[in-house]
>>> print(open('coords-v2.txt').read())   # compact mmCIF, C-alpha atoms
# COMPACT_ATOMS: atom_id res chain seq x y z
CA MET A 1 11.39 -14.61 -4.44
CA THR A 2 11.92 -14.44 -8.17
CA ALA A 3 12.04 -11.33 -10.34
CA SER A 4 8.66 -12.34 -11.77
CA ASP A 5 7.19 -12.53 -8.25
CA ASN A 6 8.62 -9.11 -7.50
CA ASN A 7 7.15 -7.60 -10.69
CA ASN A 8 3.78 -9.16 -9.94
CA GLY A 9 4.02 -7.79 -6.41
CA ILE A 10 4.73 -4.27 -7.58
CA GLU A 11 1.76 -4.46 -9.95
CA ALA A 12 -0.46 -5.82 -7.17
CA VAL A 13 0.66 -3.09 -4.78
CA GLN A 14 0.07 -0.43 -7.43
CA SER A 15 -3.45 -1.72 -8.10
CA THR A 16 -4.25 -1.89 -4.39
CA ILE A 17 -3.05 1.62 -3.70
CA LEU A 18 -4.90 3.10 -6.67
CA ALA A 19 -8.13 1.35 -5.69
CA GLN A 20 -7.88 2.15 -1.97
CA MET A 21 -7.18 5.82 -2.63
CA ASP A 22 -10.01 6.19 -5.17
CA MET A 23 -7.55 6.91 -7.97
CA LEU A 24 -8.12 5.96 -11.58
CA PRO A 25 -6.39 2.75 -12.65
CA VAL A 26 -3.53 3.12 -15.09
CA VAL A 27 -3.09 1.07 -18.23
CA GLN A 28 0.59 0.41 -17.73
CA ARG A 29 2.74 -0.14 -14.71
CA MET A 30 4.25 3.00 -13.22
CA THR A 31 7.78 3.30 -11.98
CA GLU A 32 8.18 3.59 -8.23
CA ALA A 33 8.89 7.32 -8.55
CA GLU A 34 5.79 7.86 -10.72
CA LEU A 35 3.63 5.91 -8.29
CA LEU A 36 4.98 7.84 -5.29
CA ALA A 37 4.32 11.13 -7.11
CA ALA A 38 0.74 10.07 -7.92
CA ILE A 39 0.13 8.96 -4.33
CA ALA A 40 1.60 12.22 -2.99
CA GLU A 41 -0.69 14.22 -5.29
CA ARG A 42 -3.72 12.30 -4.03
CA VAL A 43 -2.59 12.69 -0.40
CA ALA A 44 -2.29 16.46 -0.89
CA ALA A 45 -5.85 16.52 -2.26
CA LEU A 46 -7.07 14.49 0.73
CA ILE A 47 -5.37 16.88 3.14
CA LYS A 48 -7.16 19.79 1.45
CA GLU A 49 -10.51 17.94 1.74
CA GLY A 50 -10.03 17.80 5.49
CA PRO A 51 -8.87 15.47 8.24
CA ASP A 52 -11.89 13.15 8.01
CA ALA A 53 -11.25 12.20 4.38
CA PHE A 54 -7.51 11.95 4.97
CA TYR A 55 -7.69 9.72 8.07
CA ARG A 56 -10.48 7.58 6.61
CA THR A 57 -8.23 6.77 3.65
CA MET A 58 -5.22 6.12 5.90
CA TYR A 59 -7.36 3.73 7.93
CA ARG A 60 -8.36 1.83 4.76
CA LEU A 61 -4.69 1.57 3.84
CA ASP A 62 -3.76 0.35 7.34
CA ILE A 63 -1.48 3.33 8.09
CA PRO A 64 -1.28 3.92 11.85
CA GLU A 65 -2.13 7.43 12.98
CA ARG A 66 1.02 7.51 15.12
CA SER A 67 3.15 6.91 11.99
CA ILE A 68 1.62 9.97 10.39
CA ARG A 69 2.19 12.07 13.53
CA ASN A 70 5.81 10.90 13.65
CA LEU A 71 6.72 12.10 10.16
CA ALA A 72 10.04 13.88 10.02
CA ALA A 73 9.81 17.62 10.49
CA GLY A 74 10.70 19.58 7.39
CA GLU A 75 9.79 16.81 4.96
CA ASP A 76 6.82 17.41 2.66
CA VAL A 77 3.88 15.73 4.42
CA ALA A 78 2.31 14.46 1.18
CA ILE A 79 5.56 12.87 -0.02
CA ALA A 80 6.37 11.38 3.39
CA THR A 81 2.84 9.97 3.66
CA ALA A 82 3.10 8.56 0.13
CA LYS A 83 6.26 6.71 1.18
CA LEU A 84 4.47 5.33 4.26
CA ILE A 85 1.59 4.12 2.11
CA TYR A 86 3.88 2.48 -0.43
CA GLN A 87 6.04 0.79 2.21
CA ARG A 88 3.01 -0.52 4.10
CA GLN A 89 1.45 -1.98 0.99
CA ILE A 90 4.73 -3.71 0.09
CA GLU A 91 4.87 -5.18 3.62
CA LYS A 92 1.30 -6.46 3.33
CA TRP A 93 1.98 -8.01 -0.07
CA LYS A 94 5.12 -9.78 1.18
CA SER A 95 3.21 -11.08 4.20
CA ARG A 96 0.44 -12.45 1.96
CA MET A 97 2.96 -14.15 -0.31
CA GLU A 98 4.74 -15.72 2.67
CA HIS A 99 1.44 -16.95 4.08
CA ARG A 100 0.43 -18.46 0.73
CA ARG A 101 3.82 -20.12 0.41
CA SER A 102 3.62 -21.62 3.90
CA MET A 103 0.07 -22.85 3.27
CA THR A 104 1.09 -24.62 0.05
CA GLU A 105 4.19 -26.12 1.66
CA ASN A 106 2.38 -27.14 4.87
CA PRO A 107 -1.32 -27.48 4.12
CA SER A 108 -3.56 -27.86 7.12
CA ASP A 109 -5.62 -31.02 7.54
CA ASP A 110 -8.37 -28.99 9.18
CA PRO A 111 -10.69 -27.66 6.41
CA GLU A 112 -11.82 -24.77 8.62
CA LEU A 113 -8.26 -23.41 8.73
CA ARG A 114 -7.91 -23.37 4.92
CA TRP A 115 -8.79 -20.17 3.09
>>> encode(input="coords-v2.txt", output="structure tokens")
Amino acid sequence: MTASDNNNGIEAVQSTILAQMDMLPVVQRMTEAELLAAIAERVAALIKEGPDAFYRTMYRLDIPERSIRNLAAGEDVAIATAKLIYQRQIEKWKSRMEHRRSMTENPSDDPELRW
């Protein structure tokens, strides 16, 4: 993966997280620390709204409930959850890129299997 791919990935992850968490899009790319702080702030607001809003958003972001329950004791829940969200979105982006790469290197002859 090139540096350009990585930069595009970070931008894609940032956009996905902001959209999925109903946060306003930003004009410029945030640093990882800024993004984590923004996510943590939104997570804290979701926690205050109640468990329904919080878990609904975690479901949209594909964060398993057991991962949230297993957060380290003593760590700020909003920050720890923000890290989970960020890591999961990075994993999903890498998986998508790998799938795209494998599909371009080994295209299927079956048109129903192409996306």
>>> closest_residue(input="coords-v2.txt", among="A:Thr57, A:Lys92, A:Lys83, A:Glu49", to="Gln20 in chain A", atoms="all atoms listed in the file")
A:Thr57
>>> closest_residue(input="coords-v2.txt", among="A:Gly9, A:Asp62, A:Met30, A:Phe54", to="Ala78 in chain A", atoms="all atoms listed in the file")
A:Phe54
>>> closest_residue(input="coords-v2.txt", among="A:Ile39, A:Leu71, A:Glu34, A:Thr81", to="Leu18 in chain A", atoms="only C-alpha atoms")
A:Ile39
>>> residues_around(input="coords-v2.txt", residues="Leu46 in chain A", least_positions_apart="2", cutoff="12 Å", atoms="all atoms listed in the file", output="list in words")
Met21, Asp22, Met23, Ile39, Ala40, Glu41, Arg42, Val43, Ala44, Lys48, Glu49, Gly50, Pro51, Asp52, Ala53, Phe54, Tyr55, Arg56, Thr57, Met58, Val77, Ala78, Thr81 and Ala82 of chain A
>>> residues_around(input="coords-v2.txt", residues="range 11-15 of chain A", least_positions_apart="4", cutoff="8 Å", atoms="only C-alpha atoms", output="JSON, numbers by chain")
{"A": [7, 19, 25, 29, 30, 35, 86, 89, 90, 93]}
>>> atom_distance(input="coords-v2.txt", atom1="CA of Arg66 in chain A", atom2="CA of Glu32 in chain A")
24.7 Å
>>> residues_around(input="coords-v2.txt", residues="Leu84 in chain A", least_positions_apart="6", cutoff="9 Å", atoms="only C-alpha atoms", output="compact mmCIF listing (two decimals) with C-alpha atoms, in the frame of the given file")
# COMPACT_ATOMS: atom_id res chain seq x y z
CA ILE A 63 -1.48 3.33 8.09
CA SER A 67 3.15 6.91 11.99
CA ILE A 68 1.62 9.97 10.39
>>> axis_aligned_box(input="coords-v2.txt", around="range 41-46 of chain A", padding_each_side="4 Å", output="JSON")
{"center_x": -3.9, "center_y": 14.4, "center_z": -2.3, "size_x": 14.4, "size_y": 12.2, "size_z": 14.0}
>>> atom_distance(input="coords-v2.txt", atom1="CA of Ala38 in chain A", atom2="CA of Ile85 in chain A")
11.7 Å
>>> atom_distance(input="coords-v2.txt", atom1="CA of Glu75 in chain A", atom2="CA of Ala37 in chain A")
14.4 Å
>>> decode(input="coords-v2.txt", residues="range 20-55 of chain A", atoms="N, CA and C atoms", output="PDB file, in the first residue's frame")
ATOM      1  N   GLN A  20     -21.521   8.478   9.674  1.00  0.00           N
ATOM      2  CA  GLN A  20     -22.210   7.461  10.464  1.00  0.00           C
ATOM      3  C   GLN A  20     -22.587   7.957  11.856  1.00  0.00           C
ATOM      4  N   MET A  21     -21.842   8.915  12.373  1.00  0.00           N
ATOM      5  CA  MET A  21     -22.109   9.425  13.716  1.00  0.00           C
ATOM      6  C   MET A  21     -22.883  10.741  13.693  1.00  0.00           C
ATOM      7  N   ASP A  22     -23.434  11.076  12.520  1.00  0.00           N
ATOM      8  CA  ASP A  22     -24.227  12.305  12.367  1.00  0.00           C
ATOM      9  C   ASP A  22     -23.453  13.538  12.804  1.00  0.00           C
ATOM     10  N   MET A  23     -22.185  13.592  12.422  1.00  0.00           N
ATOM     11  CA  MET A  23     -21.336  14.735  12.730  1.00  0.00           C
ATOM     12  C   MET A  23     -21.177  15.566  11.461  1.00  0.00           C
ATOM     13  N   LEU A  24     -20.971  16.835  11.614  1.00  0.00           N
ATOM     14  CA  LEU A  24     -20.785  17.703  10.464  1.00  0.00           C
ATOM     15  C   LEU A  24     -19.474  17.383   9.760  1.00  0.00           C
ATOM     16  N   PRO A  25     -19.488  17.360   8.430  1.00  0.00           N
ATOM     17  CA  PRO A  25     -18.240  17.121   7.703  1.00  0.00           C
ATOM     18  C   PRO A  25     -17.273  18.286   7.899  1.00  0.00           C
ATOM     19  N   VAL A  26     -16.006  17.989   7.847  1.00  0.00           N
ATOM     20  CA  VAL A  26     -14.993  19.030   7.988  1.00  0.00           C
ATOM     21  C   VAL A  26     -14.402  19.332   6.621  1.00  0.00           C
ATOM     22  N   VAL A  27     -13.921  20.541   6.468  1.00  0.00           N
ATOM     23  CA  VAL A  27     -13.377  20.976   5.186  1.00  0.00           C
ATOM     24  C   VAL A  27     -12.016  20.352   4.938  1.00  0.00           C
ATOM     25  N   GLN A  28     -11.230  20.245   5.968  1.00  0.00           N
ATOM     26  CA  GLN A  28      -9.887  19.695   5.793  1.00  0.00           C
ATOM     27  C   GLN A  28      -9.737  18.421   6.615  1.00  0.00           C
ATOM     28  N   ARG A  29      -8.742  17.655   6.261  1.00  0.00           N
ATOM     29  CA  ARG A  29      -8.492  16.406   6.954  1.00  0.00           C
ATOM     30  C   ARG A  29      -7.978  16.683   8.357  1.00  0.00           C
ATOM     31  N   MET A  30      -8.494  15.949   9.321  1.00  0.00           N
ATOM     32  CA  MET A  30      -8.062  16.085  10.709  1.00  0.00           C
ATOM     33  C   MET A  30      -6.879  15.159  10.955  1.00  0.00           C
ATOM     34  N   THR A  31      -6.105  15.480  11.958  1.00  0.00           N
ATOM     35  CA  THR A  31      -5.087  14.536  12.392  1.00  0.00           C
ATOM     36  C   THR A  31      -5.800  13.406  13.120  1.00  0.00           C
ATOM     37  N   GLU A  32      -5.105  12.322  13.344  1.00  0.00           N
ATOM     38  CA  GLU A  32      -5.708  11.198  14.066  1.00  0.00           C
ATOM     39  C   GLU A  32      -6.163  11.631  15.455  1.00  0.00           C
ATOM     40  N   ALA A  33      -5.343  12.414  16.149  1.00  0.00           N
ATOM     41  CA  ALA A  33      -5.691  12.878  17.498  1.00  0.00           C
ATOM     42  C   ALA A  33      -6.929  13.767  17.475  1.00  0.00           C
ATOM     43  N   GLU A  34      -7.025  14.660  16.472  1.00  0.00           N
ATOM     44  CA  GLU A  34      -8.197  15.528  16.359  1.00  0.00           C
ATOM     45  C   GLU A  34      -9.462  14.716  16.070  1.00  0.00           C
ATOM     46  N   LEU A  35      -9.330  13.729  15.193  1.00  0.00           N
ATOM     47  CA  LEU A  35     -10.464  12.888  14.855  1.00  0.00           C
ATOM     48  C   LEU A  35     -10.920  12.086  16.071  1.00  0.00           C
ATOM     49  N   LEU A  36      -9.969  11.502  16.799  1.00  0.00           N
ATOM     50  CA  LEU A  36     -10.324  10.741  17.999  1.00  0.00           C
ATOM     51  C   LEU A  36     -11.007  11.633  19.036  1.00  0.00           C
ATOM     52  N   ALA A  37     -10.525  12.864  19.185  1.00  0.00           N
ATOM     53  CA  ALA A  37     -11.145  13.803  20.128  1.00  0.00           C
ATOM     54  C   ALA A  37     -12.571  14.144  19.698  1.00  0.00           C
ATOM     55  N   ALA A  38     -12.782  14.349  18.402  1.00  0.00           N
ATOM     56  CA  ALA A  38     -14.122  14.665  17.892  1.00  0.00           C
ATOM     57  C   ALA A  38     -15.065  13.478  18.073  1.00  0.00           C
ATOM     58  N   ILE A  39     -14.550  12.282  17.800  1.00  0.00           N
ATOM     59  CA  ILE A  39     -15.380  11.082  17.981  1.00  0.00           C
ATOM     60  C   ILE A  39     -15.726  10.914  19.457  1.00  0.00           C
ATOM     61  N   ALA A  40     -14.742  11.087  20.338  1.00  0.00           N
ATOM     62  CA  ALA A  40     -14.974  10.939  21.776  1.00  0.00           C
ATOM     63  C   ALA A  40     -16.023  11.941  22.260  1.00  0.00           C
ATOM     64  N   GLU A  41     -15.979  13.155  21.745  1.00  0.00           N
ATOM     65  CA  GLU A  41     -16.960  14.173  22.122  1.00  0.00           C
ATOM     66  C   GLU A  41     -18.367  13.740  21.699  1.00  0.00           C
ATOM     67  N   ARG A  42     -18.465  13.205  20.484  1.00  0.00           N
ATOM     68  CA  ARG A  42     -19.767  12.737  19.996  1.00  0.00           C
ATOM     69  C   ARG A  42     -20.246  11.515  20.790  1.00  0.00           C
ATOM     70  N   VAL A  43     -19.331  10.613  21.127  1.00  0.00           N
ATOM     71  CA  VAL A  43     -19.679   9.438  21.922  1.00  0.00           C
ATOM     72  C   VAL A  43     -20.224   9.873  23.285  1.00  0.00           C
ATOM     73  N   ALA A  44     -19.568  10.837  23.912  1.00  0.00           N
ATOM     74  CA  ALA A  44     -20.027  11.342  25.208  1.00  0.00           C
ATOM     75  C   ALA A  44     -21.446  11.901  25.093  1.00  0.00           C
ATOM     76  N   ALA A  45     -21.728  12.610  24.008  1.00  0.00           N
ATOM     77  CA  ALA A  45     -23.068  13.156  23.794  1.00  0.00           C
ATOM     78  C   ALA A  45     -24.080  12.025  23.600  1.00  0.00           C
ATOM     79  N   LEU A  46     -23.680  10.983  22.876  1.00  0.00           N
ATOM     80  CA  LEU A  46     -24.572   9.838  22.672  1.00  0.00           C
ATOM     81  C   LEU A  46     -24.871   9.124  23.983  1.00  0.00           C
ATOM     82  N   ILE A  47     -23.856   9.005  24.828  1.00  0.00           N
ATOM     83  CA  ILE A  47     -24.041   8.355  26.125  1.00  0.00           C
ATOM     84  C   ILE A  47     -25.048   9.143  26.955  1.00  0.00           C
ATOM     85  N   LYS A  48     -24.947  10.468  26.900  1.00  0.00           N
ATOM     86  CA  LYS A  48     -25.889  11.315  27.640  1.00  0.00           C
ATOM     87  C   LYS A  48     -27.313  11.200  27.093  1.00  0.00           C
ATOM     88  N   GLU A  49     -27.435  10.994  25.765  1.00  0.00           N
ATOM     89  CA  GLU A  49     -28.762  10.837  25.148  1.00  0.00           C
ATOM     90  C   GLU A  49     -29.444   9.566  25.638  1.00  0.00           C
ATOM     91  N   GLY A  50     -28.663   8.573  25.975  1.00  0.00           N
ATOM     92  CA  GLY A  50     -29.230   7.320  26.468  1.00  0.00           C
ATOM     93  C   GLY A  50     -28.693   6.124  25.715  1.00  0.00           C
ATOM     94  N   PRO A  51     -28.916   4.934  26.264  1.00  0.00           N
ATOM     95  CA  PRO A  51     -28.349   3.727  25.663  1.00  0.00           C
ATOM     96  C   PRO A  51     -28.890   3.428  24.265  1.00  0.00           C
ATOM     97  N   ASP A  52     -30.147   3.767  23.988  1.00  0.00           N
ATOM     98  CA  ASP A  52     -30.692   3.475  22.659  1.00  0.00           C
ATOM     99  C   ASP A  52     -29.922   4.199  21.562  1.00  0.00           C
ATOM    100  N   ALA A  53     -29.723   5.489  21.732  1.00  0.00           N
ATOM    101  CA  ALA A  53     -28.989   6.271  20.729  1.00  0.00           C
ATOM    102  C   ALA A  53     -27.548   5.789  20.609  1.00  0.00           C
ATOM    103  N   PHE A  54     -26.931   5.504  21.746  1.00  0.00           N
ATOM    104  CA  PHE A  54     -25.542   5.055  21.753  1.00  0.00           C
ATOM    105  C   PHE A  54     -25.399   3.721  21.014  1.00  0.00           C
ATOM    106  N   TYR A  55     -26.187   2.722  21.400  1.00  0.00           N
ATOM    107  CA  TYR A  55     -26.050   1.396  20.789  1.00  0.00           C
ATOM    108  C   TYR A  55     -26.511   1.361  19.336  1.00  0.00           C
TER     109      TYR A  55
END
